[in-house]
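Q: This is entry-v2.tsv (TSV, C-alpha atoms).
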chain	number	residue	atom	x	y	z
A	1	MET	CA	0.32	149.42	-59.76
A	2	SER	CA	-1.66	150.72	-56.77
A	3	ARG	CA	-4.26	148.58	-55.03
A	4	LYS	CA	-7.70	150.12	-54.60
A	5	LEU	CA	-9.24	149.69	-51.17
A	6	ILE	CA	-12.93	149.42	-50.35
A	7	ARG	CA	-13.92	152.69	-48.68
A	8	PHE	CA	-16.44	153.01	-45.85
A	9	ASP	CA	-18.85	155.01	-48.00
A	10	TRP	CA	-18.87	152.24	-50.61
A	11	ALA	CA	-19.41	149.65	-47.88
A	12	MET	CA	-22.40	151.64	-46.56
A	13	LYS	CA	-23.91	151.81	-50.06
A	14	LYS	CA	-23.37	148.17	-50.94
A	15	LEU	CA	-22.80	146.05	-47.82
A	16	LEU	CA	-24.23	147.76	-44.76
A	17	ARG	CA	-27.67	148.15	-46.33
A	18	HIS	CA	-28.28	144.46	-45.63
A	19	LYS	CA	-29.86	143.82	-42.25
A	20	ALA	CA	-27.30	141.11	-41.49
A	21	ASN	CA	-24.55	143.78	-41.57
A	22	PHE	CA	-26.32	146.48	-39.50
A	23	GLY	CA	-24.17	145.55	-36.48
A	24	ILE	CA	-21.10	147.18	-38.04
A	25	LEU	CA	-22.74	150.58	-38.38
A	26	GLU	CA	-24.48	150.18	-35.01
A	27	GLY	CA	-21.08	149.54	-33.40
A	28	PHE	CA	-19.55	152.67	-34.90
A	29	LEU	CA	-22.48	154.91	-33.96
A	30	SER	CA	-22.71	153.47	-30.45
A	31	GLU	CA	-19.03	154.27	-29.92
A	32	LEU	CA	-19.33	157.83	-31.26
A	33	LEU	CA	-22.58	158.73	-29.46
A	34	ARG	CA	-21.76	156.83	-26.25
A	35	PHE	CA	-25.05	154.91	-26.07
A	36	ASP	CA	-26.45	151.82	-27.78
A	37	VAL	CA	-27.81	152.47	-31.25
A	38	THR	CA	-30.28	150.31	-33.15
A	39	ILE	CA	-30.90	150.73	-36.87
A	40	GLU	CA	-34.52	151.29	-37.85
A	41	SER	CA	-34.06	151.86	-41.57
A	42	ILE	CA	-31.64	153.04	-44.19
A	43	LEU	CA	-32.77	155.83	-46.50
A	44	GLU	CA	-31.97	155.88	-50.18
A	45	SER	CA	-29.99	158.89	-51.32
A	46	GLU	CA	-30.21	160.59	-54.68
A	47	GLY	CA	-26.45	161.11	-54.43
A	48	ASN	CA	-25.30	157.50	-54.42
A	49	LYS	CA	-22.64	157.50	-57.10
A	50	GLN	CA	-22.44	154.61	-59.50
A	51	ASP	CA	-19.29	155.94	-61.17
A	52	GLU	CA	-16.80	158.79	-60.87
A	53	TYR	CA	-18.83	161.08	-63.15
A	54	ASP	CA	-21.94	161.15	-60.97
A	55	LYS	CA	-22.61	164.38	-59.05
A	56	TYR	CA	-21.89	163.39	-55.42
A	57	ASN	CA	-20.38	160.51	-53.53
A	58	ARG	CA	-22.89	160.93	-50.73
A	59	VAL	CA	-24.56	158.36	-48.54
A	60	ASP	CA	-27.40	159.19	-46.19
A	61	ILE	CA	-28.37	156.65	-43.60
A	62	LEU	CA	-31.15	157.02	-41.08
A	63	VAL	CA	-30.59	155.26	-37.77
A	64	LYS	CA	-32.97	155.00	-34.82
A	65	SER	CA	-31.83	154.73	-31.19
A	66	PRO	CA	-33.60	152.77	-28.44
A	67	ASN	CA	-35.21	156.09	-27.39
A	68	ASN	CA	-36.57	156.68	-30.92
A	69	GLU	CA	-33.92	159.31	-31.60
A	70	LEU	CA	-32.90	159.71	-35.25
A	71	MET	CA	-29.36	159.76	-36.61
A	72	LEU	CA	-28.48	160.96	-40.09
A	73	VAL	CA	-25.08	159.74	-41.29
A	74	GLU	CA	-23.47	161.40	-44.28
A	75	VAL	CA	-20.15	160.63	-45.92
A	76	GLN	CA	-18.72	163.44	-48.06
A	77	ASN	CA	-15.59	163.10	-50.16
A	78	ASP	CA	-15.77	166.26	-52.25
A	79	SER	CA	-15.10	169.68	-50.75
A	80	GLU	CA	-18.11	171.96	-50.41
A	81	ILE	CA	-17.74	175.52	-49.14
A	82	ASP	CA	-21.36	175.52	-47.93
A	83	TYR	CA	-21.20	172.15	-46.19
A	84	PHE	CA	-22.22	173.58	-42.79
A	85	GLN	CA	-25.42	174.90	-44.39
A	86	ARG	CA	-25.92	171.51	-46.05
A	87	MET	CA	-25.82	169.93	-42.58
A	88	ILE	CA	-28.58	172.29	-41.39
A	89	TYR	CA	-30.65	171.50	-44.47
A	90	GLY	CA	-30.31	167.74	-43.95
A	91	VAL	CA	-31.51	167.95	-40.35
A	92	SER	CA	-34.33	170.36	-41.22
A	93	LYS	CA	-35.54	168.04	-43.96
A	94	LEU	CA	-35.51	165.12	-41.54
A	95	VAL	CA	-37.53	167.10	-38.96
A	96	THR	CA	-40.21	167.95	-41.51
A	97	GLU	CA	-40.37	164.39	-42.89
A	98	TYR	CA	-40.94	162.85	-39.46
A	99	ILE	CA	-43.78	164.98	-38.15
A	100	LYS	CA	-47.28	164.69	-39.54
A	101	GLU	CA	-49.92	167.37	-39.92
A	102	GLY	CA	-51.86	167.74	-36.69
A	103	GLU	CA	-49.16	166.22	-34.49
A	104	PRO	CA	-47.91	168.40	-31.63
A	105	TYR	CA	-44.40	169.82	-32.03
A	106	GLY	CA	-43.43	167.74	-29.00
A	107	ALA	CA	-43.51	164.73	-31.34
A	108	ILE	CA	-40.31	165.95	-33.01
A	109	LYS	CA	-37.53	163.47	-32.26
A	110	LYS	CA	-34.00	164.28	-31.18
A	111	ILE	CA	-31.78	164.25	-34.28
A	112	TYR	CA	-28.07	163.54	-34.52
A	113	SER	CA	-26.23	164.59	-37.66
A	114	ILE	CA	-23.03	162.55	-38.11
A	115	ASN	CA	-20.83	163.91	-40.88
A	116	ILE	CA	-17.78	161.96	-42.01
A	117	VAL	CA	-15.78	164.30	-44.23
A	118	TYR	CA	-12.65	163.64	-46.25
A	119	PHE	CA	-11.77	167.28	-46.94
A	120	GLY	CA	-10.67	170.34	-44.95
A	121	LEU	CA	-13.93	171.60	-43.42
A	122	GLY	CA	-13.47	174.81	-41.45
A	123	GLN	CA	-10.41	175.63	-39.38
A	124	GLY	CA	-9.46	173.28	-36.61
A	125	LYS	CA	-6.83	170.69	-35.74
A	126	ASP	CA	-9.04	168.06	-34.12
A	127	TYR	CA	-10.59	165.19	-36.05
A	128	VAL	CA	-13.84	164.73	-34.07
A	129	TYR	CA	-16.08	167.71	-33.35
A	130	GLU	CA	-19.34	167.74	-31.40
A	131	TYR	CA	-21.79	170.66	-31.46
A	132	LYS	CA	-23.82	171.18	-28.30
A	133	GLY	CA	-26.20	174.08	-28.68
A	134	GLU	CA	-27.29	176.00	-25.58
A	135	PHE	CA	-29.14	179.25	-25.04
A	136	VAL	CA	-26.95	181.55	-22.94
A	137	GLY	CA	-28.29	184.77	-21.42
A	138	LEU	CA	-26.69	187.91	-22.79
A	139	HIS	CA	-26.93	189.79	-19.49
A	140	GLU	CA	-26.85	187.10	-16.79
A	141	ASN	CA	-24.71	184.58	-18.72
A	142	ASP	CA	-27.04	181.82	-17.43
A	143	ILE	CA	-28.07	178.75	-19.42
A	144	LEU	CA	-31.77	178.51	-20.25
A	145	LEU	CA	-33.23	175.33	-18.75
A	146	PRO	CA	-36.53	173.56	-19.43
A	147	THR	CA	-39.39	173.85	-16.95
A	148	THR	CA	-40.22	170.95	-14.65
A	149	LEU	CA	-43.19	170.08	-16.86
A	150	GLN	CA	-41.02	170.14	-20.00
A	151	LYS	CA	-38.46	167.88	-18.28
A	152	GLN	CA	-41.20	165.39	-17.43
A	153	ASP	CA	-43.06	165.47	-20.75
A	154	PHE	CA	-40.01	165.35	-23.02
A	155	LYS	CA	-37.63	163.40	-20.70
A	156	VAL	CA	-34.85	165.98	-20.99
A	157	GLU	CA	-32.61	167.75	-18.51
A	158	LYS	CA	-31.41	170.59	-20.75
A	159	VAL	CA	-32.97	172.54	-23.62
A	160	SER	CA	-30.05	171.37	-25.78
A	161	ASP	CA	-31.32	167.78	-25.29
A	162	ILE	CA	-34.26	168.71	-27.55
A	163	PHE	CA	-32.26	170.38	-30.32
A	164	PRO	CA	-30.24	168.57	-32.99
A	165	LYS	CA	-26.70	167.56	-32.15
A	166	TYR	CA	-24.04	167.62	-34.84
A	167	TYR	CA	-20.85	165.57	-35.12
A	168	ILE	CA	-18.12	166.12	-37.69
A	169	LEU	CA	-15.35	163.58	-38.20
A	170	LYS	CA	-12.54	165.21	-40.16
A	171	VAL	CA	-10.97	161.90	-41.10
A	172	ASN	CA	-7.91	163.34	-42.85
A	173	ASN	CA	-6.89	165.20	-39.64
A	174	PHE	CA	-6.43	161.92	-37.74
A	175	ASN	CA	-2.74	161.17	-37.02
A	176	ASP	CA	-3.18	157.36	-37.27
A	177	VAL	CA	-2.48	156.83	-33.55
A	178	ALA	CA	-5.46	155.13	-31.91
A	179	LYS	CA	-5.75	156.04	-28.21
A	180	ASP	CA	-9.25	154.62	-27.64
A	181	THR	CA	-11.93	152.60	-29.41
A	182	LEU	CA	-13.39	155.65	-31.21
A	183	ASP	CA	-9.91	156.34	-32.61
A	184	GLU	CA	-9.85	152.75	-33.90
A	185	TRP	CA	-13.00	153.51	-35.88
A	186	VAL	CA	-11.51	156.77	-37.23
A	187	TYR	CA	-8.35	154.85	-38.19
A	188	PHE	CA	-10.57	152.40	-40.05
A	189	LEU	CA	-12.43	155.24	-41.80
A	190	LYS	CA	-9.16	156.78	-42.90
A	191	ASN	CA	-7.10	153.75	-43.82
A	192	SER	CA	-9.31	150.75	-44.50
If you took the structure in this file and wrote it as structure tokens, what would it be?

A:
Amino acid sequence: MSRKLIRFDWAMKKLLRHKANFGILEGFLSELLRFDVTIESILESEGNKQDEYDKYNRVDILVKSPNNELMLVEVQNDSEIDYFQRMIYGVSKLVTEYIKEGEPYGAIKKIYSINIVYFGLGQGKDYVYEYKGEFVGLHENDILLPTTLQKQDFKVEKVSDIFPKYYILKVNNFNDVAKDTLDEWVYFLKNS
């Protein structure tokens, strides 16, 4: 008889929603993003499964950094061919929910999309992917930088600091050998 383990997505739905347990998720996100993360709130998700027959086993969590940046965490167990587009949709929805009519576009917060997937997403051997978008000139091959005024007003050094950043953790690709503290978290996501 096999023993069923408590998965991280279940823990997020049931345990980590309590303020007393926020430190666990904050620790994971701080390790992945390489800066201290503080949880502002946790969003409810229409996809929280109560049993195996529900549509998705999906958990969305909204996290706020000390700089008021927003992080959307999603755990996905079931394979979806259009998952990359789903990531774009999730970030776009977050952008539109967190800006009010009449506010300047400069009020849009930096958004991090952290996707923990338990299926073969795309082609690649690594288990942690980070997307860093930059505008590169087609003729000069230079990187577009913000103006001095933009750097001051928005406290950024690069245009990519304004745009969303995406992370994908392909948990099943991890070889179970932890070489650093982030690997320890990925080991936990895969095996605990």

Q: Need the shell around region 90-98 of chain A: protein/DNA/RNA residues with any atom at most 10 Å away, counting only C-alpha atoms. Skip same-chain ones fewer than 3 positions apart. Format as a VMD selection string?

A: chain A and resid 60 62 70 to 74 85 to 87 101 107 to 113 164 to 166

Q: Which polymer residues have any atom within 8 Å of an atom of Phe135 (chain A), counting only C-alpha atoms, with same-chain residues fewer than 5 positions away left out, as a list in words?

A: Ile143, Leu144, Val159 and Ser160 of chain A

Q: Rank nothing, just name the residue among A:Val156, A:Val177, A:Leu25, A:Ile81 nearest to Thr38 (chain A), using only C-alpha atoms.

A: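 That would be A:Leu25, the residue with the smallest distance to Thr38 (chain A).
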
Q: Just the residues within 6 Å of Asn173 (chain A), please, counting all atoms listed in the file, with nothing from its chain fewer than 2 positions along; format it as a count of residues only.

A: 3

Q: Please report the interatomic distance between CA of Gly137 (chain A) and CA of Tyr167 (chain A) in Å with one decimal.

A: 24.7 Å

Q: Will you model N, CA, C and O atoms for region 21-43 of chain A and pass it back as a PDB file, in the coordinates of the input?

A:
ATOM      1  N   ASN A  21     -25.777 142.998 -41.802  1.00  0.00           N
ATOM      2  CA  ASN A  21     -24.550 143.780 -41.570  1.00  0.00           C
ATOM      3  C   ASN A  21     -24.792 145.050 -40.753  1.00  0.00           C
ATOM      4  O   ASN A  21     -23.880 145.850 -40.586  1.00  0.00           O
ATOM      5  N   PHE A  22     -26.019 145.265 -40.259  1.00  0.00           N
ATOM      6  CA  PHE A  22     -26.320 146.480 -39.500  1.00  0.00           C
ATOM      7  C   PHE A  22     -25.431 146.617 -38.270  1.00  0.00           C
ATOM      8  O   PHE A  22     -25.153 147.720 -37.822  1.00  0.00           O
ATOM      9  N   GLY A  23     -24.983 145.512 -37.699  1.00  0.00           N
ATOM     10  CA  GLY A  23     -24.170 145.550 -36.480  1.00  0.00           C
ATOM     11  C   GLY A  23     -22.906 146.366 -36.624  1.00  0.00           C
ATOM     12  O   GLY A  23     -22.434 146.978 -35.662  1.00  0.00           O
ATOM     13  N   ILE A  24     -22.333 146.408 -37.812  1.00  0.00           N
ATOM     14  CA  ILE A  24     -21.100 147.180 -38.040  1.00  0.00           C
ATOM     15  C   ILE A  24     -21.371 148.661 -37.836  1.00  0.00           C
ATOM     16  O   ILE A  24     -20.683 149.335 -37.077  1.00  0.00           O
ATOM     17  N   LEU A  25     -22.396 149.166 -38.503  1.00  0.00           N
ATOM     18  CA  LEU A  25     -22.740 150.580 -38.380  1.00  0.00           C
ATOM     19  C   LEU A  25     -23.233 150.895 -36.975  1.00  0.00           C
ATOM     20  O   LEU A  25     -22.903 151.943 -36.412  1.00  0.00           O
ATOM     21  N   GLU A  26     -24.004 149.983 -36.384  1.00  0.00           N
ATOM     22  CA  GLU A  26     -24.480 150.180 -35.010  1.00  0.00           C
ATOM     23  C   GLU A  26     -23.306 150.290 -34.044  1.00  0.00           C
ATOM     24  O   GLU A  26     -23.317 151.120 -33.133  1.00  0.00           O
ATOM     25  N   GLY A  27     -22.267 149.474 -34.252  1.00  0.00           N
ATOM     26  CA  GLY A  27     -21.080 149.540 -33.400  1.00  0.00           C
ATOM     27  C   GLY A  27     -20.371 150.877 -33.494  1.00  0.00           C
ATOM     28  O   GLY A  27     -19.997 151.469 -32.486  1.00  0.00           O
ATOM     29  N   PHE A  28     -20.188 151.370 -34.705  1.00  0.00           N
ATOM     30  CA  PHE A  28     -19.550 152.670 -34.900  1.00  0.00           C
ATOM     31  C   PHE A  28     -20.352 153.790 -34.249  1.00  0.00           C
ATOM     32  O   PHE A  28     -19.815 154.610 -33.493  1.00  0.00           O
ATOM     33  N   LEU A  29     -21.653 153.834 -34.514  1.00  0.00           N
ATOM     34  CA  LEU A  29     -22.480 154.910 -33.960  1.00  0.00           C
ATOM     35  C   LEU A  29     -22.582 154.821 -32.446  1.00  0.00           C
ATOM     36  O   LEU A  29     -22.561 155.848 -31.760  1.00  0.00           O
ATOM     37  N   SER A  30     -22.665 153.623 -31.907  1.00  0.00           N
ATOM     38  CA  SER A  30     -22.710 153.470 -30.450  1.00  0.00           C
ATOM     39  C   SER A  30     -21.440 153.997 -29.807  1.00  0.00           C
ATOM     40  O   SER A  30     -21.475 154.622 -28.745  1.00  0.00           O
ATOM     41  N   GLU A  31     -20.308 153.776 -30.449  1.00  0.00           N
ATOM     42  CA  GLU A  31     -19.030 154.270 -29.920  1.00  0.00           C
ATOM     43  C   GLU A  31     -18.961 155.793 -29.981  1.00  0.00           C
ATOM     44  O   GLU A  31     -18.563 156.443 -29.019  1.00  0.00           O
ATOM     45  N   LEU A  32     -19.368 156.375 -31.094  1.00  0.00           N
ATOM     46  CA  LEU A  32     -19.330 157.830 -31.260  1.00  0.00           C
ATOM     47  C   LEU A  32     -20.288 158.528 -30.303  1.00  0.00           C
ATOM     48  O   LEU A  32     -19.928 159.499 -29.635  1.00  0.00           O
ATOM     49  N   LEU A  33     -21.529 158.044 -30.234  1.00  0.00           N
ATOM     50  CA  LEU A  33     -22.580 158.730 -29.460  1.00  0.00           C
ATOM     51  C   LEU A  33     -22.592 158.344 -27.992  1.00  0.00           C
ATOM     52  O   LEU A  33     -23.255 158.989 -27.188  1.00  0.00           O
ATOM     53  N   ARG A  34     -21.885 157.279 -27.637  1.00  0.00           N
ATOM     54  CA  ARG A  34     -21.760 156.830 -26.250  1.00  0.00           C
ATOM     55  C   ARG A  34     -23.066 156.281 -25.668  1.00  0.00           C
ATOM     56  O   ARG A  34     -23.339 156.430 -24.491  1.00  0.00           O
ATOM     57  N   PHE A  35     -23.898 155.691 -26.515  1.00  0.00           N
ATOM     58  CA  PHE A  35     -25.050 154.910 -26.070  1.00  0.00           C
ATOM     59  C   PHE A  35     -25.387 153.905 -27.167  1.00  0.00           C
ATOM     60  O   PHE A  35     -24.972 154.058 -28.317  1.00  0.00           O
ATOM     61  N   ASP A  36     -26.112 152.860 -26.814  1.00  0.00           N
ATOM     62  CA  ASP A  36     -26.450 151.820 -27.780  1.00  0.00           C
ATOM     63  C   ASP A  36     -27.369 152.347 -28.863  1.00  0.00           C
ATOM     64  O   ASP A  36     -28.357 153.022 -28.578  1.00  0.00           O
ATOM     65  N   VAL A  37     -27.051 152.023 -30.104  1.00  0.00           N
ATOM     66  CA  VAL A  37     -27.810 152.470 -31.250  1.00  0.00           C
ATOM     67  C   VAL A  37     -28.370 151.247 -31.973  1.00  0.00           C
ATOM     68  O   VAL A  37     -27.682 150.255 -32.150  1.00  0.00           O
ATOM     69  N   THR A  38     -29.628 151.344 -32.367  1.00  0.00           N
ATOM     70  CA  THR A  38     -30.280 150.310 -33.150  1.00  0.00           C
ATOM     71  C   THR A  38     -30.753 150.907 -34.461  1.00  0.00           C
ATOM     72  O   THR A  38     -31.345 151.978 -34.473  1.00  0.00           O
ATOM     73  N   ILE A  39     -30.493 150.228 -35.562  1.00  0.00           N
ATOM     74  CA  ILE A  39     -30.900 150.730 -36.870  1.00  0.00           C
ATOM     75  C   ILE A  39     -32.357 150.414 -37.125  1.00  0.00           C
ATOM     76  O   ILE A  39     -32.782 149.272 -37.003  1.00  0.00           O
ATOM     77  N   GLU A  40     -33.114 151.449 -37.472  1.00  0.00           N
ATOM     78  CA  GLU A  40     -34.520 151.290 -37.850  1.00  0.00           C
ATOM     79  C   GLU A  40     -34.626 151.065 -39.353  1.00  0.00           C
ATOM     80  O   GLU A  40     -35.277 150.142 -39.815  1.00  0.00           O
ATOM     81  N   SER A  41     -33.990 151.955 -40.113  1.00  0.00           N
ATOM     82  CA  SER A  41     -34.060 151.860 -41.570  1.00  0.00           C
ATOM     83  C   SER A  41     -32.887 152.607 -42.175  1.00  0.00           C
ATOM     84  O   SER A  41     -32.238 153.398 -41.516  1.00  0.00           O
ATOM     85  N   ILE A  42     -32.669 152.338 -43.430  1.00  0.00           N
ATOM     86  CA  ILE A  42     -31.640 153.040 -44.190  1.00  0.00           C
ATOM     87  C   ILE A  42     -32.338 153.739 -45.350  1.00  0.00           C
ATOM     88  O   ILE A  42     -33.055 153.112 -46.128  1.00  0.00           O
ATOM     89  N   LEU A  43     -32.143 155.043 -45.433  1.00  0.00           N
ATOM     90  CA  LEU A  43     -32.770 155.830 -46.500  1.00  0.00           C
ATOM     91  C   LEU A  43     -31.962 155.731 -47.790  1.00  0.00           C
ATOM     92  O   LEU A  43     -30.739 155.648 -47.760  1.00  0.00           O
TER      93      LEU A  43
END
